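With PDB, C-alpha atoms, pLDDT in the B column inside, this is run16.pdb:
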ATOM      1  CA  MET A   1    -161.625  63.704-115.365  1.00 50.00           C
ATOM      2  CA  LYS A   2    -165.000  65.131-116.452  1.00 46.00           C
ATOM      3  CA  ILE A   3    -163.895  65.091-120.077  1.00 50.00           C
ATOM      4  CA  LYS A   4    -162.970  61.403-119.797  1.00 49.00           C
ATOM      5  CA  LYS A   5    -166.377  60.623-118.286  1.00 48.00           C
ATOM      6  CA  ILE A   6    -168.132  62.519-121.077  1.00 47.00           C
ATOM      7  CA  ILE A   7    -166.126  60.650-123.728  1.00 47.00           C
ATOM      8  CA  LEU A   8    -166.987  57.331-122.047  1.00 46.00           C
ATOM      9  CA  LEU A   9    -170.694  58.196-121.921  1.00 46.00           C
ATOM     10  CA  VAL A  10    -170.694  59.275-125.559  1.00 46.00           C
ATOM     11  CA  SER A  11    -168.928  56.050-126.504  1.00 46.00           C
ATOM     12  CA  ILE A  12    -171.506  53.927-124.657  1.00 46.00           C
ATOM     13  CA  PHE A  13    -174.378  55.923-126.177  1.00 46.00           C
ATOM     14  CA  CYS A  14    -172.989  55.499-129.696  1.00 46.00           C
ATOM     15  CA  THR A  15    -172.576  51.747-129.187  1.00 44.00           C
ATOM     16  CA  VAL A  16    -176.230  51.434-128.189  1.00 45.00           C
ATOM     17  CA  ALA A  17    -177.571  53.942-130.716  1.00 50.00           C
ATOM     18  CA  PHE A  18    -175.611  52.539-133.629  1.00 65.00           C
ATOM     19  CA  GLY A  19    -175.716  48.821-132.833  1.00 92.00           C
ATOM     20  CA  ASP A  20    -176.233  46.312-135.627  1.00 96.00           C
ATOM     21  CA  ILE A  21    -179.593  45.321-137.066  1.00 98.00           C
ATOM     22  CA  ILE A  22    -179.423  41.522-136.976  1.00 98.00           C
ATOM     23  CA  THR A  23    -181.816  39.967-139.469  1.00 98.00           C
ATOM     24  CA  ILE A  24    -183.067  36.458-138.734  1.00 98.00           C
ATOM     25  CA  VAL A  25    -185.166  34.311-141.069  1.00 98.00           C
ATOM     26  CA  GLY A  26    -186.855  30.917-141.012  1.00 96.00           C
ATOM     27  CA  ASP A  27    -189.951  29.144-142.175  1.00 92.00           C
ATOM     28  CA  GLU A  28    -192.821  29.090-139.715  1.00 91.00           C
ATOM     29  CA  TRP A  29    -192.171  26.460-137.016  1.00 92.00           C
ATOM     30  CA  CYS A  30    -194.114  27.263-133.863  1.00 94.00           C
ATOM     31  CA  PRO A  31    -193.361  27.289-130.978  1.00 95.00           C
ATOM     32  CA  TYR A  32    -189.721  27.744-132.054  1.00 96.00           C
ATOM     33  CA  ASN A  33    -190.444  30.580-134.480  1.00 97.00           C
ATOM     34  CA  CYS A  34    -193.952  31.615-135.439  1.00 95.00           C
ATOM     35  CA  LYS A  35    -195.656  34.181-137.653  1.00 93.00           C
ATOM     36  CA  VAL A  36    -194.308  37.724-137.619  1.00 96.00           C
ATOM     37  CA  THR A  37    -197.845  38.910-136.846  1.00 95.00           C
ATOM     38  CA  ASP A  38    -198.301  36.580-133.833  1.00 94.00           C
ATOM     39  CA  LYS A  39    -198.355  38.073-130.352  1.00 93.00           C
ATOM     40  CA  ASN A  40    -195.747  35.482-129.361  1.00 94.00           C
ATOM     41  CA  GLN A  41    -193.397  35.109-132.323  1.00 97.00           C
ATOM     42  CA  GLY A  42    -191.673  32.011-130.940  1.00 97.00           C
ATOM     43  CA  TYR A  43    -189.326  31.348-128.076  1.00 97.00           C
ATOM     44  CA  LEU A  44    -186.210  31.374-130.286  1.00 98.00           C
ATOM     45  CA  VAL A  45    -187.149  34.837-131.527  1.00 98.00           C
ATOM     46  CA  ASP A  46    -187.735  36.002-127.944  1.00 98.00           C
ATOM     47  CA  ILE A  47    -184.358  34.647-126.839  1.00 98.00           C
ATOM     48  CA  ALA A  48    -182.550  36.344-129.729  1.00 98.00           C
ATOM     49  CA  ARG A  49    -184.232  39.681-129.027  1.00 98.00           C
ATOM     50  CA  VAL A  50    -183.471  39.666-125.314  1.00 98.00           C
ATOM     51  CA  ILE A  51    -179.825  38.675-125.777  1.00 98.00           C
ATOM     52  CA  PHE A  52    -178.921  40.958-128.667  1.00 98.00           C
ATOM     53  CA  GLU A  53    -180.810  43.968-127.338  1.00 97.00           C
ATOM     54  CA  LYS A  54    -178.860  43.663-124.081  1.00 97.00           C
ATOM     55  CA  ASN A  55    -175.746  43.938-126.250  1.00 97.00           C
ATOM     56  CA  GLY A  56    -176.947  47.069-128.041  1.00 97.00           C
ATOM     57  CA  HIS A  57    -178.244  45.411-131.208  1.00 98.00           C
ATOM     58  CA  THR A  58    -181.690  45.168-132.806  1.00 98.00           C
ATOM     59  CA  VAL A  59    -183.229  41.926-134.067  1.00 98.00           C
ATOM     60  CA  LYS A  60    -185.436  41.927-137.144  1.00 98.00           C
ATOM     61  CA  TYR A  61    -187.306  38.660-137.692  1.00 98.00           C
ATOM     62  CA  THR A  62    -188.960  37.570-140.930  1.00 98.00           C
ATOM     63  CA  VAL A  63    -190.526  34.402-142.348  1.00 97.00           C
ATOM     64  CA  SER A  64    -189.440  32.909-145.664  1.00 95.00           C
ATOM     65  CA  SER A  65    -191.540  30.984-148.157  1.00 88.00           C
ATOM     66  CA  SER A  66    -189.449  27.858-147.547  1.00 90.00           C
ATOM     67  CA  TRP A  67    -186.564  26.574-145.424  1.00 93.00           C
ATOM     68  CA  ASN A  68    -184.346  26.087-148.466  1.00 93.00           C
ATOM     69  CA  GLN A  69    -184.938  29.678-149.507  1.00 95.00           C
ATOM     70  CA  ALA A  70    -184.127  30.928-145.999  1.00 97.00           C
ATOM     71  CA  ILE A  71    -180.791  29.081-146.060  1.00 97.00           C
ATOM     72  CA  LEU A  72    -179.923  30.331-149.557  1.00 97.00           C
ATOM     73  CA  ASP A  73    -180.848  33.947-148.809  1.00 98.00           C
ATOM     74  CA  THR A  74    -178.805  33.932-145.597  1.00 98.00           C
ATOM     75  CA  LYS A  75    -175.802  32.386-147.315  1.00 98.00           C
ATOM     76  CA  ASN A  76    -176.045  35.232-149.848  1.00 97.00           C
ATOM     77  CA  ASN A  77    -176.125  37.752-146.948  1.00 97.00           C
ATOM     78  CA  LYS A  78    -179.703  38.910-147.492  1.00 98.00           C
ATOM     79  CA  TYR A  79    -180.137  37.955-143.819  1.00 98.00           C
ATOM     80  CA  ASN A  80    -177.698  37.426-140.962  1.00 98.00           C
ATOM     81  CA  ALA A  81    -179.018  34.141-139.576  1.00 98.00           C
ATOM     82  CA  ILE A  82    -181.426  31.241-139.968  1.00 98.00           C
ATOM     83  CA  ILE A  83    -183.553  30.257-137.001  1.00 98.00           C
ATOM     84  CA  GLY A  84    -184.330  26.724-135.830  1.00 96.00           C
ATOM     85  CA  ALA A  85    -181.482  24.926-137.608  1.00 95.00           C
ATOM     86  CA  TYR A  86    -179.866  21.556-137.079  1.00 92.00           C
ATOM     87  CA  LYS A  87    -176.137  21.478-137.802  1.00 93.00           C
ATOM     88  CA  SER A  88    -176.947  19.069-140.634  1.00 88.00           C
ATOM     89  CA  ASP A  89    -179.214  21.681-142.250  1.00 89.00           C
ATOM     90  CA  ALA A  90    -176.419  24.124-143.029  1.00 93.00           C
ATOM     91  CA  LYS A  91    -173.024  22.572-142.350  1.00 92.00           C
ATOM     92  CA  ASP A  92    -170.992  25.588-143.472  1.00 97.00           C
ATOM     93  CA  PHE A  93    -172.868  28.093-141.270  1.00 98.00           C
ATOM     94  CA  ILE A  94    -171.467  29.559-138.044  1.00 98.00           C
ATOM     95  CA  PHE A  95    -173.130  27.906-135.031  1.00 98.00           C
ATOM     96  CA  PRO A  96    -173.044  29.102-131.401  1.00 98.00           C
ATOM     97  CA  SER A  97    -171.205  26.798-128.994  1.00 97.00           C
ATOM     98  CA  LEU A  98    -174.403  26.431-126.917  1.00 96.00           C
ATOM     99  CA  SER A  99    -177.685  25.316-128.473  1.00 96.00           C
ATOM    100  CA  GLN A 100    -180.924  27.280-128.325  1.00 97.00           C
ATOM    101  CA  GLY A 101    -183.075  24.220-127.889  1.00 95.00           C
ATOM    102  CA  VAL A 102    -183.630  20.555-128.634  1.00 93.00           C
ATOM    103  CA  SER A 103    -185.901  19.058-131.241  1.00 91.00           C
ATOM    104  CA  ALA A 104    -186.968  15.516-132.047  1.00 89.00           C
ATOM    105  CA  ASN A 105    -188.699  13.928-135.008  1.00 91.00           C
ATOM    106  CA  ALA A 106    -191.576  11.615-134.216  1.00 94.00           C
ATOM    107  CA  PHE A 107    -193.777   9.372-136.328  1.00 97.00           C
ATOM    108  CA  PHE A 108    -197.501  10.097-135.933  1.00 97.00           C
ATOM    109  CA  THR A 109    -200.412   7.928-137.033  1.00 98.00           C
ATOM    110  CA  LYS A 110    -204.154   7.889-136.510  1.00 97.00           C
ATOM    111  CA  LYS A 111    -204.999   6.412-133.106  1.00 95.00           C
ATOM    112  CA  LYS A 112    -206.462   3.169-134.438  1.00 95.00           C
ATOM    113  CA  THR A 113    -203.416   2.362-136.571  1.00 95.00           C
ATOM    114  CA  GLN A 114    -201.374  -0.645-135.439  1.00 95.00           C
ATOM    115  CA  TRP A 115    -198.157   0.251-137.275  1.00 96.00           C
ATOM    116  CA  LYS A 116    -195.072   1.270-135.272  1.00 95.00           C
ATOM    117  CA  TYR A 117    -191.654   2.440-136.358  1.00 95.00           C
ATOM    118  CA  THR A 118    -189.066  -0.275-135.739  1.00 94.00           C
ATOM    119  CA  GLY A 119    -186.416   0.835-138.228  1.00 93.00           C
ATOM    120  CA  VAL A 120    -186.118   1.798-141.877  1.00 93.00           C
ATOM    121  CA  ASN A 121    -187.421  -1.564-143.084  1.00 94.00           C
ATOM    122  CA  SER A 122    -190.729  -0.890-141.334  1.00 96.00           C
ATOM    123  CA  LEU A 123    -191.301   2.092-143.672  1.00 96.00           C
ATOM    124  CA  HIS A 124    -191.507   0.016-146.838  1.00 93.00           C
ATOM    125  CA  ASP A 125    -195.215  -0.792-146.592  1.00 91.00           C
ATOM    126  CA  ILE A 126    -196.503   2.642-145.551  1.00 97.00           C
ATOM    127  CA  THR A 127    -196.664   6.154-147.029  1.00 98.00           C
ATOM    128  CA  ILE A 128    -194.951   8.881-144.999  1.00 98.00           C
ATOM    129  CA  GLY A 129    -195.549  12.628-145.213  1.00 97.00           C
ATOM    130  CA  ALA A 130    -192.536  14.862-144.644  1.00 97.00           C
ATOM    131  CA  ILE A 131    -191.441  18.422-145.359  1.00 94.00           C
ATOM    132  CA  LYS A 132    -189.232  19.119-148.337  1.00 91.00           C
ATOM    133  CA  SER A 133    -185.660  20.263-147.520  1.00 84.00           C
ATOM    134  CA  TYR A 134    -185.977  19.385-143.807  1.00 87.00           C
ATOM    135  CA  SER A 135    -183.347  17.142-142.245  1.00 85.00           C
ATOM    136  CA  TYR A 136    -184.672  14.146-140.301  1.00 88.00           C
ATOM    137  CA  GLY A 137    -181.310  12.599-139.490  1.00 84.00           C
ATOM    138  CA  ALA A 138    -178.912  10.655-141.689  1.00 86.00           C
ATOM    139  CA  VAL A 139    -180.883   7.385-141.791  1.00 90.00           C
ATOM    140  CA  LEU A 140    -184.273   8.882-142.633  1.00 93.00           C
ATOM    141  CA  ASP A 141    -182.812  11.518-144.971  1.00 92.00           C
ATOM    142  CA  LYS A 142    -181.244   8.710-146.996  1.00 94.00           C
ATOM    143  CA  TYR A 143    -184.554   6.819-147.133  1.00 96.00           C
ATOM    144  CA  ILE A 144    -186.466   9.943-148.225  1.00 96.00           C
ATOM    145  CA  GLN A 145    -183.886  10.766-150.889  1.00 96.00           C
ATOM    146  CA  GLU A 146    -184.033   7.229-152.288  1.00 97.00           C
ATOM    147  CA  ASN A 147    -187.848   7.160-152.343  1.00 97.00           C
ATOM    148  CA  LYS A 148    -188.827  10.785-153.012  1.00 95.00           C
ATOM    149  CA  ASN A 149    -190.150   9.889-156.478  1.00 96.00           C
ATOM    150  CA  ASN A 150    -192.180   6.952-155.179  1.00 97.00           C
ATOM    151  CA  HIS A 151    -195.491   8.560-154.203  1.00 95.00           C
ATOM    152  CA  ASN A 152    -196.584   5.406-152.399  1.00 96.00           C
ATOM    153  CA  ARG A 153    -193.663   5.631-149.980  1.00 97.00           C
ATOM    154  CA  VAL A 154    -192.816   9.324-149.575  1.00 98.00           C
ATOM    155  CA  GLN A 155    -194.846  12.487-150.102  1.00 97.00           C
ATOM    156  CA  LEU A 156    -192.984  15.762-149.635  1.00 97.00           C
ATOM    157  CA  ILE A 157    -194.554  19.156-149.142  1.00 93.00           C
ATOM    158  CA  SER A 158    -193.151  22.654-148.634  1.00 88.00           C
ATOM    159  CA  GLY A 159    -194.362  26.090-147.561  1.00 80.00           C
ATOM    160  CA  ASN A 160    -195.493  27.639-144.298  1.00 77.00           C
ATOM    161  CA  ARG A 161    -198.687  25.526-144.189  1.00 87.00           C
ATOM    162  CA  ALA A 162    -196.875  22.208-144.527  1.00 91.00           C
ATOM    163  CA  ILE A 163    -197.975  20.970-141.108  1.00 92.00           C
ATOM    164  CA  TYR A 164    -201.621  21.760-141.950  1.00 92.00           C
ATOM    165  CA  HIS A 165    -201.434  19.860-145.237  1.00 95.00           C
ATOM    166  CA  ASN A 166    -199.671  16.839-143.734  1.00 97.00           C
ATOM    167  CA  ALA A 167    -202.154  16.661-140.844  1.00 96.00           C
ATOM    168  CA  LYS A 168    -205.033  16.860-143.318  1.00 96.00           C
ATOM    169  CA  LYS A 169    -203.484  14.120-145.465  1.00 97.00           C
ATOM    170  CA  LEU A 170    -203.147  11.898-142.421  1.00 98.00           C
ATOM    171  CA  LEU A 171    -206.709  12.522-141.283  1.00 96.00           C
ATOM    172  CA  TYR A 172    -208.039  11.637-144.749  1.00 96.00           C
ATOM    173  CA  ASP A 173    -205.735   8.629-145.256  1.00 96.00           C
ATOM    174  CA  THR A 174    -203.743  10.127-148.133  1.00 97.00           C
ATOM    175  CA  ILE A 175    -200.655   9.234-146.083  1.00 98.00           C
ATOM    176  CA  ASP A 176    -200.271   6.652-143.325  1.00 98.00           C
ATOM    177  CA  VAL A 177    -197.699   8.434-141.194  1.00 98.00           C
ATOM    178  CA  MET A 178    -196.492  12.001-140.769  1.00 97.00           C
ATOM    179  CA  ILE A 179    -193.107  13.008-139.361  1.00 96.00           C
ATOM    180  CA  GLU A 180    -193.111  16.040-137.102  1.00 94.00           C
ATOM    181  CA  ASP A 181    -191.585  17.543-133.996  1.00 92.00           C
ATOM    182  CA  PRO A 182    -193.920  16.709-131.059  1.00 91.00           C
ATOM    183  CA  TYR A 183    -193.710  20.274-129.707  1.00 89.00           C
ATOM    184  CA  VAL A 184    -194.672  21.698-133.087  1.00 92.00           C
ATOM    185  CA  LEU A 185    -197.657  19.398-133.548  1.00 93.00           C
ATOM    186  CA  LYS A 186    -198.851  19.943-129.977  1.00 89.00           C
ATOM    187  CA  TYR A 187    -198.586  23.718-130.322  1.00 89.00           C
ATOM    188  CA  TYR A 188    -200.358  23.658-133.704  1.00 91.00           C
ATOM    189  CA  PHE A 189    -203.437  21.944-132.265  1.00 92.00           C
ATOM    190  CA  LYS A 190    -203.249  23.925-129.008  1.00 86.00           C
ATOM    191  CA  GLU A 191    -203.672  27.118-131.040  1.00 86.00           C
ATOM    192  CA  LYS A 192    -206.782  25.536-132.536  1.00 88.00           C
ATOM    193  CA  ASN A 193    -208.076  24.698-129.039  1.00 89.00           C
ATOM    194  CA  SER A 194    -207.873  21.016-129.850  1.00 91.00           C
ATOM    195  CA  HIS A 195    -206.011  17.939-128.680  1.00 90.00           C
ATOM    196  CA  VAL A 196    -203.613  16.186-131.053  1.00 93.00           C
ATOM    197  CA  PRO A 197    -205.792  13.592-132.858  1.00 95.00           C
ATOM    198  CA  PHE A 198    -202.793  11.344-133.546  1.00 97.00           C
ATOM    199  CA  LYS A 199    -200.507   9.107-131.524  1.00 96.00           C
ATOM    200  CA  THR A 200    -196.717   8.833-131.462  1.00 94.00           C
ATOM    201  CA  VAL A 201    -195.382   5.525-132.778  1.00 95.00           C
ATOM    202  CA  GLY A 202    -191.654   6.137-132.673  1.00 92.00           C
ATOM    203  CA  THR A 203    -189.128   8.928-132.132  1.00 90.00           C
ATOM    204  CA  ILE A 204    -185.834   9.494-133.940  1.00 85.00           C
ATOM    205  CA  ASP A 205    -183.136  12.122-134.446  1.00 78.00           C
ATOM    206  CA  ILE A 206    -183.165  13.941-131.127  1.00 85.00           C
ATOM    207  CA  ASP A 207    -180.789  16.820-131.739  1.00 90.00           C
ATOM    208  CA  ASN A 208    -179.840  20.362-130.777  1.00 94.00           C
ATOM    209  CA  ILE A 209    -181.276  23.313-132.675  1.00 95.00           C
ATOM    210  CA  TYR A 210    -179.683  26.686-133.200  1.00 98.00           C
ATOM    211  CA  ILE A 211    -179.839  30.161-134.589  1.00 98.00           C
ATOM    212  CA  ALA A 212    -177.038  29.803-137.161  1.00 98.00           C
ATOM    213  CA  PHE A 213    -175.204  32.647-138.856  1.00 98.00           C
ATOM    214  CA  SER A 214    -174.160  33.221-142.453  1.00 98.00           C
ATOM    215  CA  PRO A 215    -170.768  31.767-143.380  1.00 98.00           C
ATOM    216  CA  ASN A 216    -170.162  34.847-145.542  1.00 98.00           C
ATOM    217  CA  ASN A 217    -170.674  37.571-142.943  1.00 98.00           C
ATOM    218  CA  PRO A 218    -167.542  38.777-141.094  1.00 98.00           C
ATOM    219  CA  HIS A 219    -169.603  39.468-137.947  1.00 98.00           C
ATOM    220  CA  SER A 220    -171.074  35.947-137.687  1.00 98.00           C
ATOM    221  CA  LYS A 221    -168.537  34.605-135.199  1.00 98.00           C
ATOM    222  CA  LYS A 222    -169.107  37.612-132.955  1.00 98.00           C
ATOM    223  CA  TYR A 223    -172.888  37.132-133.086  1.00 98.00           C
ATOM    224  CA  ALA A 224    -172.517  33.429-132.285  1.00 98.00           C
ATOM    225  CA  ARG A 225    -170.368  34.215-129.227  1.00 98.00           C
ATOM    226  CA  ILE A 226    -172.883  36.791-127.995  1.00 98.00           C
ATOM    227  CA  LEU A 227    -175.718  34.280-128.349  1.00 98.00           C
ATOM    228  CA  SER A 228    -173.865  31.510-126.492  1.00 97.00           C
ATOM    229  CA  GLN A 229    -172.946  33.779-123.602  1.00 98.00           C
ATOM    230  CA  GLY A 230    -176.469  35.159-123.565  1.00 98.00           C
ATOM    231  CA  ILE A 231    -178.034  31.697-123.243  1.00 97.00           C
ATOM    232  CA  ASN A 232    -175.735  31.008-120.330  1.00 96.00           C
ATOM    233  CA  ASP A 233    -176.746  34.267-118.650  1.00 97.00           C
ATOM    234  CA  LEU A 234    -180.489  33.745-119.231  1.00 97.00           C
ATOM    235  CA  ARG A 235    -180.245  30.273-117.744  1.00 96.00           C
ATOM    236  CA  LYS A 236    -178.476  31.578-114.628  1.00 96.00           C
ATOM    237  CA  ASN A 237    -180.774  34.558-113.980  1.00 97.00           C
ATOM    238  CA  GLY A 238    -184.043  32.692-114.604  1.00 97.00           C
ATOM    239  CA  GLU A 239    -185.108  34.676-117.680  1.00 97.00           C
ATOM    240  CA  LEU A 240    -184.895  31.607-119.913  1.00 97.00           C
ATOM    241  CA  ASN A 241    -187.568  29.783-117.920  1.00 96.00           C
ATOM    242  CA  LYS A 242    -189.840  32.840-118.084  1.00 97.00           C
ATOM    243  CA  ILE A 243    -189.560  32.969-121.864  1.00 97.00           C
ATOM    244  CA  LEU A 244    -190.146  29.229-122.287  1.00 95.00           C
ATOM    245  CA  SER A 245    -193.135  29.194-119.930  1.00 93.00           C
ATOM    246  CA  LYS A 246    -195.102  31.393-122.352  1.00 92.00           C
ATOM    247  CA  TYR A 247    -195.066  28.471-124.774  1.00 90.00           C
ATOM    248  CA  GLY A 248    -195.672  25.702-122.253  1.00 85.00           C
ATOM    249  CA  LEU A 249    -192.016  24.593-122.445  1.00 89.00           C
ATOM    250  CA  TYR A 250    -189.123  24.219-120.044  1.00 86.00           C
ATOM    251  CA  ASP A 251    -185.336  24.234-120.260  1.00 92.00           C
ATOM    252  CA  TRP A 252    -184.196  21.592-122.757  1.00 89.00           C
ATOM    253  CA  ILE A 253    -181.228  20.476-120.641  1.00 83.00           C
ATOM    254  CA  LYS A 254    -183.806  19.100-118.192  1.00 75.00           C
ATOM    255  CA  LEU A 255    -185.413  16.851-120.788  1.00 64.00           C
ATOM    256  CA  PRO A 256    -184.949  13.146-119.874  1.00 55.00           C
ATOM    257  CA  TYR A 257    -183.403  12.202-123.228  1.00 46.00           C
ATOM    258  CA  MET A 258    -180.614  14.757-122.723  1.00 42.00           C
ATOM    259  CA  HIS A 259    -179.104  12.680-119.901  1.00 35.00           C
TER
END
So that I can check it, write out the structure of this file as structure tokens.
Amino acid sequence: MKIKKIILLVSIFCTVAFGDIITIVGDEWCPYNCKVTDKNQGYLVDIARVIFEKNGHTVKYTVSSSWNQAILDTKNNKYNAIIGAYKSDAKDFIFPSLSQGVSANAFFTKKKTQWKYTGVNSLHDITIGAIKSYSYGAVLDKYIQENKNNHNRVQLISGNRAIYHNAKKLLYDTIDVMIEDPYVLKYYFKEKNSHVPFKTVGTIDIDNIYIAFSPNNPHSKKYARILSQGINDLRKNGELNKILSKYGLYDWIKLPYMH
């Protein structure tokens, strides 16, 4: 009996001691995933760490130079997962059955601007600023693709300072409208101890976001199952709300547009 107990203890110890190192990558997108050097690295990073560490694994988070590069590197198994993905971003990736959040894309203008988004046709007379390689939903993605070479209609930017550059362009009238997640823009100016100097003039593409795993890693389905079960557990035991509260957020299933 003692020998069996010792074997069991050794087995448990080995599982914990030799768990996987799960590498997760994204481009900076606070409060979902922030800088590696930030005290709070983003609520998606926090969720991943809590869940996988409870299952004996270690999470290593890094930031890529661009979202496209993060997807490509993960597909080539340089990393295990991308963080903050729509299903439309990486259709062949392995997604958990439960989401890790909800994101929306909103149109922002200067407060004195009279323009409002009323559909694709309303975009024809304004210049929008967006982020290269991001998905904004089928309708807007199509419009951006068709007009990406028309500088008077679409201006695309990439890199981890994209939100800074688009906000600056909007402030100085280089663009008329910027497209951004309201949480991201709010958090960006909150960190600068400032209120958002823009107003929302339309919201589109409200969708789930995920930590999505490489389609070429044999462990991806296992990781996705662990993450889904972990979200369920965190929601039940109250840990999810504690994590979200650090970023001024609350459980996405309680958002009004989810019902």
**Request:** Please work out which residues fall within 10 Å of (-175.8, 27.4, -135.8), coordinates as given in the file, with all atoms listed in the file counting, and return them as an MDAnalysis selection string.
**Result:** chainID A and resid 81:100 208:214 220 224
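The interatomic distance for the pair atom CA of Phe107 of chain A and atom CA of Val201 of chain A works out to 5.5 Å.
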- Task: Quick one: everything within 7 Å of Tyr32 of chain A, counting all atoms listed in the file, minus sequence neighbours fewer than 3 positions away in the same chain. Send it as a count of residues only.
- Result: 5
* If you count only C-alpha atoms, which residues fall within 12 Å of segment 111-113 of chain A, apart from same-chain ones fewer than 6 positions away, as a list in words? ->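 Close residues of segment 111-113 of chain A: Ile126, Leu170, Leu171, Asp173, Asp176, Val177, Val196, Pro197, Phe198, Lys199, Thr200 and Val201 of chain A.
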* Quick one: apply the PyMOL selection byres ((chain A and resi 20) around 8) to the file and drop the selected residues here as a list in words. =>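 That selection, the PyMOL selection byres ((chain A and resi 20) around 8), comes back as Phe18, Gly19, Ile21, Ile22, Gly56, His57 and Thr58 of chain A.
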_Selected residue of minimal separation from Leu72 of chain A among A:Pro182, A:Pro218, A:Gly119, A:Gly26, counting all atoms listed in the file_ =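 Using all atoms listed in the file, the shortest distance to Leu72 of chain A belongs to A:Gly26.
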Discussion item. List as number ranges by chain the protein and nucleic acid residues near Gln69 of chain A, meaning an atom at most 12 Å away when only C-alpha atoms are counted, but skip any in the same chain fewer than 2 places from it.
Written reply: A: 25-27, 63-67, 71-76, 78-79, 82, 132-134, 158-160
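The spacing separating atom CA of Thr109 of chain A from atom CA of Ile179 of chain A amounts to 9.2 Å.
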task: Enumerate, as number ranges by chain, the residues matched when the PyMOL selection byres ((chain A and resi 49) around 12) is run on the file above.
output: A: 21-24, 41-48, 50-61, 211, 226-227, 230-231, 243
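Here the question is which of A:His124, A:Lys190, A:Arg225, A:Arg161 gets nearest to Ile144 of chain A using all atoms listed in the file, and that residue is A:His124.
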Practice item. Pull out every residue that the PyMOL selection byres ((chain A and resi 155) around 12) matches in the shown coordinates and put them as number ranges by chain. Key: A: 126-132, 144-145, 147-154, 156-158, 162, 165-166, 169-170, 174-179
Output, as JSON, the centre and edge lengths in Å (one decimal) of the axis-aligned box that contains all listed atoms of segment 28-32 of chain A with 8 Å of margin on each side.
{"center_x": -191.9, "center_y": 27.8, "center_z": -135.3, "size_x": 20.4, "size_y": 18.6, "size_z": 24.7}
Please write as a VMD selection string the list of polymer residues whose atoms come within 10 Å of (-196.1, 17.8, -130.2), counting all atoms listed in the file and keeping to the coordinates of the file. chain A and resid 31 104 to 106 108 180 to 190 196 198 to 200
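For the pair atom CA of Asp233 of chain A and atom CA of Asp38 of chain A, the interatomic distance is 26.5 Å.
The nearest approach to Cys34 of chain A among the residues A:Tyr172, A:Glu191, A:Gly202, A:Asn68, with only C-alpha atoms taken into account, belongs to A:Glu191.
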_Nearest residue to Leu249 of chain A from the set A:Thr62, A:Trp115, A:Thr37, A:Gly101 (distances using only C-alpha atoms)_ =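 Under the stated criterion, the closest residue is A:Gly101.
Distance check against Asp205 of chain A using all atoms listed in the file: of A:Val102, A:Leu234, A:Ile253, A:Cys30, the minimum falls on A:Val102.
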From the list A:Tyr247, A:Lys222, A:His195, A:Lys254, the nearest residue to Arg235 of chain A using all atoms listed in the file is A:Lys254
